[in-house]
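Student: This is structure.cif, which holds mmCIF, N, CA and C atoms and all ligand atoms:
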```cif
data_protein
#
loop_
_atom_site.label_atom_id
_atom_site.label_comp_id
_atom_site.auth_asym_id
_atom_site.auth_seq_id
_atom_site.Cartn_x
_atom_site.Cartn_y
_atom_site.Cartn_z
N MET B 1 0.83 -1.19 0.00
CA MET B 1 0.00 0.00 0.00
C MET B 1 0.87 1.25 0.00
N PRO B 2 0.47 2.26 -0.77
CA PRO B 2 1.22 3.52 -0.76
C PRO B 2 1.21 4.17 0.63
N ILE B 3 2.25 4.92 0.92
CA ILE B 3 2.37 5.57 2.22
C ILE B 3 2.69 7.05 2.04
N LEU B 4 1.93 7.88 2.75
CA LEU B 4 2.23 9.31 2.85
C LEU B 4 2.96 9.51 4.16
N THR B 5 4.13 10.11 4.12
CA THR B 5 4.88 10.38 5.36
C THR B 5 4.99 11.88 5.54
N PHE B 6 4.62 12.34 6.75
CA PHE B 6 4.72 13.75 7.10
C PHE B 6 5.87 13.90 8.09
N VAL B 7 6.97 14.42 7.61
CA VAL B 7 8.20 14.47 8.40
C VAL B 7 8.03 15.28 9.68
N LYS B 8 7.50 16.49 9.56
CA LYS B 8 7.41 17.39 10.71
C LYS B 8 6.53 16.80 11.81
N ALA B 9 5.43 16.18 11.40
CA ALA B 9 4.48 15.62 12.37
C ALA B 9 4.91 14.23 12.82
N GLY B 10 5.86 13.61 12.13
CA GLY B 10 6.30 12.26 12.47
C GLY B 10 5.20 11.23 12.29
N VAL B 11 4.38 11.43 11.25
CA VAL B 11 3.22 10.58 11.03
C VAL B 11 3.27 9.99 9.62
N SER B 12 2.85 8.74 9.49
CA SER B 12 2.70 8.11 8.18
C SER B 12 1.27 7.64 8.03
N VAL B 13 0.74 7.79 6.82
CA VAL B 13 -0.63 7.39 6.53
C VAL B 13 -0.60 6.41 5.37
N GLU B 14 -1.16 5.22 5.57
CA GLU B 14 -1.27 4.25 4.49
C GLU B 14 -2.60 4.44 3.79
N PHE B 15 -2.61 4.23 2.47
CA PHE B 15 -3.87 4.35 1.75
C PHE B 15 -3.89 3.35 0.60
N THR B 16 -5.08 3.02 0.13
CA THR B 16 -5.21 2.03 -0.93
C THR B 16 -5.45 2.68 -2.27
N ASP B 17 -6.41 3.61 -2.35
CA ASP B 17 -6.70 4.31 -3.60
C ASP B 17 -6.08 5.69 -3.53
N ALA B 18 -6.02 6.37 -4.68
CA ALA B 18 -5.52 7.75 -4.70
C ALA B 18 -6.25 8.55 -3.63
N ILE B 19 -5.52 9.42 -2.96
CA ILE B 19 -6.10 10.16 -1.84
C ILE B 19 -5.88 11.66 -2.02
N ASP B 20 -6.95 12.44 -1.81
CA ASP B 20 -6.84 13.90 -1.81
C ASP B 20 -6.20 14.30 -0.49
N LEU B 21 -5.13 15.07 -0.54
CA LEU B 21 -4.48 15.48 0.71
C LEU B 21 -5.41 16.32 1.58
N ILE B 22 -6.42 16.90 0.98
CA ILE B 22 -7.36 17.71 1.75
C ILE B 22 -8.14 16.85 2.75
N GLU B 23 -8.10 15.55 2.57
CA GLU B 23 -8.79 14.63 3.49
C GLU B 23 -8.00 14.44 4.79
N ILE B 24 -6.76 14.91 4.82
CA ILE B 24 -5.90 14.65 5.98
C ILE B 24 -5.84 15.90 6.86
N GLU B 25 -6.98 16.34 7.29
CA GLU B 25 -7.09 17.59 8.05
C GLU B 25 -6.50 17.50 9.45
N ASP B 26 -6.33 16.31 9.98
CA ASP B 26 -5.77 16.22 11.33
C ASP B 26 -4.25 16.37 11.33
N ILE B 27 -3.63 16.38 10.16
CA ILE B 27 -2.18 16.52 10.07
C ILE B 27 -1.78 17.83 9.38
N ILE B 28 -2.48 18.17 8.33
CA ILE B 28 -2.17 19.38 7.57
C ILE B 28 -3.19 20.47 7.93
N MET B 29 -2.71 21.69 8.13
CA MET B 29 -3.60 22.80 8.44
C MET B 29 -4.12 23.40 7.13
N PHE B 30 -5.43 23.57 7.03
CA PHE B 30 -6.05 24.14 5.84
C PHE B 30 -6.76 25.44 6.19
N GLY B 31 -6.89 26.30 5.19
CA GLY B 31 -7.66 27.53 5.33
C GLY B 31 -8.79 27.51 4.33
N CYS B 32 -8.56 28.15 3.19
CA CYS B 32 -9.62 28.32 2.19
C CYS B 32 -10.00 27.03 1.46
N LYS B 33 -9.10 26.10 1.38
CA LYS B 33 -9.28 24.84 0.66
C LYS B 33 -9.55 25.04 -0.84
N SER B 34 -9.15 26.17 -1.36
CA SER B 34 -9.38 26.43 -2.77
C SER B 34 -8.17 27.02 -3.49
N GLY B 35 -7.00 26.91 -2.88
CA GLY B 35 -5.78 27.35 -3.54
C GLY B 35 -5.53 28.85 -3.49
N ASN B 36 -6.16 29.54 -2.56
CA ASN B 36 -6.02 31.00 -2.51
C ASN B 36 -5.22 31.54 -1.33
N CYS B 37 -5.16 30.83 -0.21
CA CYS B 37 -4.58 31.44 1.00
C CYS B 37 -3.14 30.98 1.31
N GLY B 38 -2.74 29.82 0.87
CA GLY B 38 -1.39 29.32 1.12
C GLY B 38 -1.20 28.64 2.46
N THR B 39 -2.23 28.57 3.27
CA THR B 39 -2.12 27.94 4.59
C THR B 39 -1.65 26.49 4.50
N CYS B 40 -2.03 25.79 3.47
CA CYS B 40 -1.75 24.36 3.35
C CYS B 40 -0.44 24.07 2.62
N ALA B 41 0.42 25.07 2.48
CA ALA B 41 1.68 24.87 1.74
C ALA B 41 2.50 23.74 2.37
N ILE B 42 2.99 22.86 1.54
CA ILE B 42 3.82 21.74 1.96
C ILE B 42 5.04 21.67 1.05
N LYS B 43 6.08 21.02 1.57
CA LYS B 43 7.28 20.81 0.77
C LYS B 43 7.38 19.32 0.48
N VAL B 44 7.56 18.97 -0.77
CA VAL B 44 7.68 17.57 -1.16
C VAL B 44 9.14 17.17 -1.05
N ILE B 45 9.42 16.26 -0.13
CA ILE B 45 10.78 15.80 0.09
C ILE B 45 11.13 14.67 -0.87
N ASN B 46 10.16 13.81 -1.12
CA ASN B 46 10.38 12.67 -2.01
C ASN B 46 9.04 12.23 -2.60
N GLY B 47 9.06 11.74 -3.83
CA GLY B 47 7.86 11.17 -4.43
C GLY B 47 6.99 12.17 -5.16
N ALA B 48 7.55 13.27 -5.62
CA ALA B 48 6.75 14.27 -6.34
C ALA B 48 6.03 13.66 -7.54
N GLU B 49 6.64 12.63 -8.12
CA GLU B 49 6.03 11.98 -9.28
C GLU B 49 4.75 11.23 -8.91
N ASN B 50 4.52 11.05 -7.62
CA ASN B 50 3.32 10.35 -7.17
C ASN B 50 2.20 11.29 -6.73
N LEU B 51 2.35 12.57 -7.08
CA LEU B 51 1.31 13.56 -6.83
C LEU B 51 0.75 14.02 -8.17
N THR B 52 -0.50 14.47 -8.16
CA THR B 52 -1.06 15.07 -9.37
C THR B 52 -0.24 16.29 -9.74
N ARG B 53 -0.35 16.70 -11.00
CA ARG B 53 0.45 17.83 -11.49
C ARG B 53 0.03 19.13 -10.81
N LYS B 54 0.96 20.04 -10.73
CA LYS B 54 0.69 21.34 -10.11
C LYS B 54 -0.44 22.03 -10.87
N THR B 55 -1.37 22.61 -10.13
CA THR B 55 -2.52 23.27 -10.75
C THR B 55 -2.20 24.73 -11.07
N ALA B 56 -3.05 25.32 -11.89
CA ALA B 56 -2.91 26.74 -12.22
C ALA B 56 -3.05 27.59 -10.97
N ARG B 57 -3.89 27.17 -10.03
CA ARG B 57 -4.05 27.92 -8.78
C ARG B 57 -2.76 27.91 -7.98
N GLU B 58 -2.07 26.77 -7.95
CA GLU B 58 -0.78 26.71 -7.25
C GLU B 58 0.23 27.62 -7.94
N ASP B 59 0.32 27.53 -9.25
CA ASP B 59 1.26 28.40 -10.00
C ASP B 59 0.97 29.86 -9.70
N ARG B 60 -0.31 30.23 -9.69
CA ARG B 60 -0.69 31.63 -9.48
C ARG B 60 -0.30 32.10 -8.08
N LEU B 61 -0.61 31.28 -7.07
CA LEU B 61 -0.31 31.69 -5.69
C LEU B 61 1.20 31.77 -5.44
N PHE B 62 1.96 30.76 -5.89
CA PHE B 62 3.40 30.78 -5.66
C PHE B 62 4.07 31.92 -6.42
N GLU B 63 3.52 32.27 -7.58
CA GLU B 63 4.05 33.43 -8.30
C GLU B 63 3.75 34.71 -7.52
N LEU B 64 2.55 34.79 -6.98
CA LEU B 64 2.13 35.97 -6.22
C LEU B 64 3.01 36.21 -4.99
N ILE B 65 3.37 35.12 -4.29
CA ILE B 65 4.18 35.27 -3.07
C ILE B 65 5.68 35.12 -3.37
N LYS B 66 6.00 35.04 -4.66
CA LYS B 66 7.39 34.96 -5.12
C LYS B 66 8.12 33.75 -4.52
N GLU B 67 7.42 32.61 -4.49
CA GLU B 67 8.01 31.35 -4.03
C GLU B 67 8.48 30.58 -5.26
N ASN B 68 9.79 30.41 -5.38
CA ASN B 68 10.35 29.76 -6.57
C ASN B 68 10.77 28.31 -6.34
N ASP B 69 10.60 27.81 -5.12
CA ASP B 69 10.99 26.43 -4.81
C ASP B 69 10.00 25.47 -5.47
N SER B 70 10.45 24.72 -6.46
CA SER B 70 9.55 23.85 -7.22
C SER B 70 9.03 22.68 -6.39
N SER B 71 9.61 22.45 -5.21
CA SER B 71 9.12 21.35 -4.37
C SER B 71 7.93 21.78 -3.50
N MET B 72 7.55 23.04 -3.55
CA MET B 72 6.41 23.52 -2.77
C MET B 72 5.11 23.19 -3.49
N ARG B 73 4.14 22.73 -2.72
CA ARG B 73 2.80 22.44 -3.25
C ARG B 73 1.75 22.96 -2.28
N LEU B 74 0.55 23.05 -2.77
CA LEU B 74 -0.60 23.35 -1.91
C LEU B 74 -1.35 22.04 -1.70
N ALA B 75 -1.42 21.61 -0.45
CA ALA B 75 -2.02 20.31 -0.17
C ALA B 75 -3.48 20.24 -0.62
N CYS B 76 -4.17 21.37 -0.57
CA CYS B 76 -5.59 21.36 -0.97
C CYS B 76 -5.76 21.13 -2.45
N GLN B 77 -4.68 21.18 -3.20
CA GLN B 77 -4.75 21.00 -4.65
C GLN B 77 -4.13 19.68 -5.11
N CYS B 78 -3.67 18.85 -4.17
CA CYS B 78 -2.92 17.64 -4.52
C CYS B 78 -3.68 16.36 -4.23
N LYS B 79 -3.47 15.40 -5.09
CA LYS B 79 -3.94 14.04 -4.85
C LYS B 79 -2.71 13.15 -4.95
N ALA B 80 -2.56 12.21 -4.03
CA ALA B 80 -1.42 11.29 -4.06
C ALA B 80 -1.87 9.92 -4.55
N PHE B 81 -1.04 9.29 -5.33
CA PHE B 81 -1.36 7.94 -5.82
C PHE B 81 -0.19 6.98 -5.65
N GLY B 82 0.77 7.36 -4.81
CA GLY B 82 1.91 6.50 -4.52
C GLY B 82 2.66 7.08 -3.33
N ASP B 83 3.77 6.47 -2.98
CA ASP B 83 4.56 6.91 -1.82
C ASP B 83 5.03 8.36 -1.97
N VAL B 84 4.83 9.15 -0.93
CA VAL B 84 5.26 10.54 -0.92
C VAL B 84 5.75 10.89 0.47
N VAL B 85 6.83 11.67 0.54
CA VAL B 85 7.33 12.19 1.81
C VAL B 85 7.17 13.70 1.78
N LEU B 86 6.48 14.25 2.78
CA LEU B 86 6.14 15.66 2.81
C LEU B 86 6.61 16.31 4.09
N SER B 87 6.82 17.61 4.03
CA SER B 87 7.11 18.39 5.22
C SER B 87 6.23 19.63 5.19
N GLU B 88 5.59 19.94 6.29
CA GLU B 88 4.80 21.15 6.36
C GLU B 88 5.73 22.33 6.47
N VAL B 89 5.31 23.48 6.01
CA VAL B 89 6.13 24.68 6.09
C VAL B 89 5.50 25.73 6.98
N ASN B 90 4.25 25.58 7.36
CA ASN B 90 3.58 26.57 8.22
C ASN B 90 3.65 26.18 9.68
S1 LIG Q 101 -6.09 25.82 2.12
FE1 LIG Q 101 -5.86 27.77 1.21
S2 LIG Q 101 -4.46 27.36 -0.39
FE2 LIG Q 101 -4.87 25.40 0.41
#
```
What's the structure tokens form of this structure?
Ligand code: FES
Tutor:
Amino acid sequence: MPILTFVKAGVSVEFTDAIDLIEIEDIIMFGCKSGNCGTCAIKVINGAENLTRKTAREDRLFELIKENDSSMRLACQCKAFGDVVLSEVN
């Protein structure tokens, strides 16, 4: 089974089908849940290829806040379908 690992929280979550990261509210802090506030920003440490592609909302927000680190994602915009290691940034 694929595993999501959250480094900062020291937590791993096993899942069977693709999972929306927005479902993991007890580990990741969310605000707007629509790609506008940046509260759910996460850093992908490993397994970026196992996340859905970056959305236009993510591109827009990271451009707005001048964040150029390509490993940054918005959890509310991501779905995982394989092993991923993440770190929260907030
Ligand atoms: S919760 Fe606001 S951008 Fe994800």
Student: Any idea what's packed within 8 Å of Asn50 in chain B, counting only N, CA and C atoms, ignoring anything in its chain fewer than 5 positions away? Could you give it as an NGL selection string?
Tutor: :B and (79-84)
Student: Using all atoms listed in the file, which protein or nucleic acid residues are at most 6.5 Å from ligand LIG 101 (chain Q), as a list in words?
Tutor: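 Checking all atoms listed in the file against ligand LIG 101 (chain Q) at 6.5 Å gives Met29, Phe30, Gly31, Cys32, Lys33, Ser34, Gly35, Asn36, Cys37, Gly38, Thr39, Cys40, Ala41, Leu74, Ala75, Cys76 and Gln77 of chain B.
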Student: Between CA of Phe6 in chain B and atom C of Asp26 in chain B, measure the distance and give it in Å to one decimal.
Tutor: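 Between CA of Phe6 in chain B and atom C of Asp26 in chain B the gap is 10.3 Å.
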Student: From the options B:Ala18, B:Ser71, B:Gly10, B:Ile27, which residue's atoms come nearest to Ile45 in chain B, counting all atoms listed in the file?
Tutor: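 When distances to Ile45 in chain B are compared using all atoms listed in the file, the smallest one comes from B:Ser71.
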Student: Check the DSSP output for the backbone and give back, as JSON, numbers by chain, the residues of chain B in strand (DSSP E).
Tutor: {"B": [3, 4, 5, 6, 11, 12, 13, 14, 19, 20, 41, 42, 43, 44, 45, 46, 72, 73, 74, 79, 80, 84, 85, 86, 87, 88]}
Student: Separation of atom N of Val11 in chain B and atom N of Thr52 in chain B, in Å?
Tutor: 20.2 Å
Student: If I take CA of Ile42 in chain B and atom C of Ile28 in chain B, how far is one from the other in Å, to one decimal?
Tutor: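 Interatomic distance here is 9.3 Å.
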Student: Could you check which of B:Leu61, B:Met1, B:Leu51, B:Ala9 is closest to Ser87 in chain B, using all atoms listed in the file?
Tutor: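 Closest to Ser87 in chain B, using all atoms listed in the file: B:Ala9.
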Student: I'd like to know which of B:Cys78, B:Leu21, B:Val89, B:Pro2 is closest to Lys54 in chain B, using only N, CA and C atoms.
Tutor: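 Checking each of B:Cys78, B:Leu21, B:Val89, B:Pro2 against Lys54 in chain B, counting only N, CA and C atoms, the winner is B:Cys78.
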Student: Identify, with DSSP run on backbone atoms, the residues in range 21-82 of chain B assigned to alpha helix (DSSP H), and express the list as a short mmCIF file (atom, residue, chain, number, x, y, z; two decimals) with N, CA and C atoms, in the frame of the given file.
Tutor:
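Now in result_4.cif:
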```cif
data_model
loop_
_atom_site.label_atom_id
_atom_site.label_comp_id
_atom_site.auth_asym_id
_atom_site.auth_seq_id
_atom_site.Cartn_x
_atom_site.Cartn_y
_atom_site.Cartn_z
N ALA B 56 -3.05 25.32 -11.89
CA ALA B 56 -2.91 26.74 -12.22
C ALA B 56 -3.05 27.59 -10.97
N ARG B 57 -3.89 27.17 -10.03
CA ARG B 57 -4.05 27.92 -8.78
C ARG B 57 -2.76 27.91 -7.98
N GLU B 58 -2.07 26.77 -7.95
CA GLU B 58 -0.78 26.71 -7.25
C GLU B 58 0.23 27.62 -7.94
N ASP B 59 0.32 27.53 -9.25
CA ASP B 59 1.26 28.40 -10.00
C ASP B 59 0.97 29.86 -9.70
N ARG B 60 -0.31 30.23 -9.69
CA ARG B 60 -0.69 31.63 -9.48
C ARG B 60 -0.30 32.10 -8.08
N LEU B 61 -0.61 31.28 -7.07
CA LEU B 61 -0.31 31.69 -5.69
C LEU B 61 1.20 31.77 -5.44
N PHE B 62 1.96 30.76 -5.89
CA PHE B 62 3.40 30.78 -5.66
C PHE B 62 4.07 31.92 -6.42
N GLU B 63 3.52 32.27 -7.58
CA GLU B 63 4.05 33.43 -8.30
C GLU B 63 3.75 34.71 -7.52
N LEU B 64 2.55 34.79 -6.98
CA LEU B 64 2.13 35.97 -6.22
C LEU B 64 3.01 36.21 -4.99
#
```
Student: Fix up range 67-83 of chain B with N, CA, C and O atoms, then write it as a short mmCIF file (atom, residue, chain, number, x, y, z; two decimals), keeping the file's coordinate frame.
Tutor:
```cif
data_model
loop_
_atom_site.label_atom_id
_atom_site.label_comp_id
_atom_site.auth_asym_id
_atom_site.auth_seq_id
_atom_site.Cartn_x
_atom_site.Cartn_y
_atom_site.Cartn_z
N GLU B 67 7.42 32.61 -4.49
CA GLU B 67 8.01 31.35 -4.03
C GLU B 67 8.48 30.58 -5.26
O GLU B 67 7.66 30.15 -6.07
N ASN B 68 9.79 30.41 -5.38
CA ASN B 68 10.35 29.76 -6.57
C ASN B 68 10.77 28.31 -6.34
O ASN B 68 11.24 27.66 -7.26
N ASP B 69 10.60 27.81 -5.12
CA ASP B 69 10.99 26.43 -4.81
C ASP B 69 10.00 25.47 -5.47
O ASP B 69 8.83 25.42 -5.09
N SER B 70 10.45 24.72 -6.46
CA SER B 70 9.55 23.85 -7.22
C SER B 70 9.03 22.68 -6.39
O SER B 70 8.11 21.98 -6.82
N SER B 71 9.61 22.45 -5.21
CA SER B 71 9.12 21.35 -4.37
C SER B 71 7.93 21.78 -3.50
O SER B 71 7.37 20.96 -2.78
N MET B 72 7.55 23.04 -3.55
CA MET B 72 6.41 23.52 -2.77
C MET B 72 5.11 23.19 -3.49
O MET B 72 5.01 23.34 -4.70
N ARG B 73 4.14 22.73 -2.72
CA ARG B 73 2.80 22.44 -3.25
C ARG B 73 1.75 22.96 -2.28
O ARG B 73 2.05 23.24 -1.13
N LEU B 74 0.55 23.05 -2.77
CA LEU B 74 -0.60 23.35 -1.91
C LEU B 74 -1.35 22.04 -1.70
O LEU B 74 -1.85 21.45 -2.66
N ALA B 75 -1.42 21.61 -0.45
CA ALA B 75 -2.02 20.31 -0.17
C ALA B 75 -3.48 20.24 -0.62
O ALA B 75 -3.96 19.19 -1.03
N CYS B 76 -4.17 21.37 -0.57
CA CYS B 76 -5.59 21.36 -0.97
C CYS B 76 -5.76 21.13 -2.45
O CYS B 76 -6.89 20.90 -2.92
N GLN B 77 -4.68 21.18 -3.20
CA GLN B 77 -4.75 21.00 -4.65
C GLN B 77 -4.13 19.68 -5.11
O GLN B 77 -4.06 19.42 -6.31
N CYS B 78 -3.67 18.85 -4.17
CA CYS B 78 -2.92 17.64 -4.52
C CYS B 78 -3.68 16.36 -4.23
O CYS B 78 -4.37 16.25 -3.21
N LYS B 79 -3.47 15.40 -5.09
CA LYS B 79 -3.94 14.04 -4.85
C LYS B 79 -2.71 13.15 -4.95
O LYS B 79 -1.88 13.32 -5.86
N ALA B 80 -2.56 12.21 -4.03
CA ALA B 80 -1.42 11.29 -4.06
C ALA B 80 -1.87 9.92 -4.55
O ALA B 80 -2.97 9.47 -4.22
N PHE B 81 -1.04 9.29 -5.33
CA PHE B 81 -1.36 7.94 -5.82
C PHE B 81 -0.19 6.98 -5.65
O PHE B 81 -0.16 5.92 -6.26
N GLY B 82 0.77 7.36 -4.81
CA GLY B 82 1.91 6.50 -4.52
C GLY B 82 2.66 7.08 -3.33
O GLY B 82 2.24 8.07 -2.74
N ASP B 83 3.77 6.47 -2.98
CA ASP B 83 4.56 6.91 -1.82
C ASP B 83 5.03 8.36 -1.97
O ASP B 83 5.56 8.73 -3.02
#
```
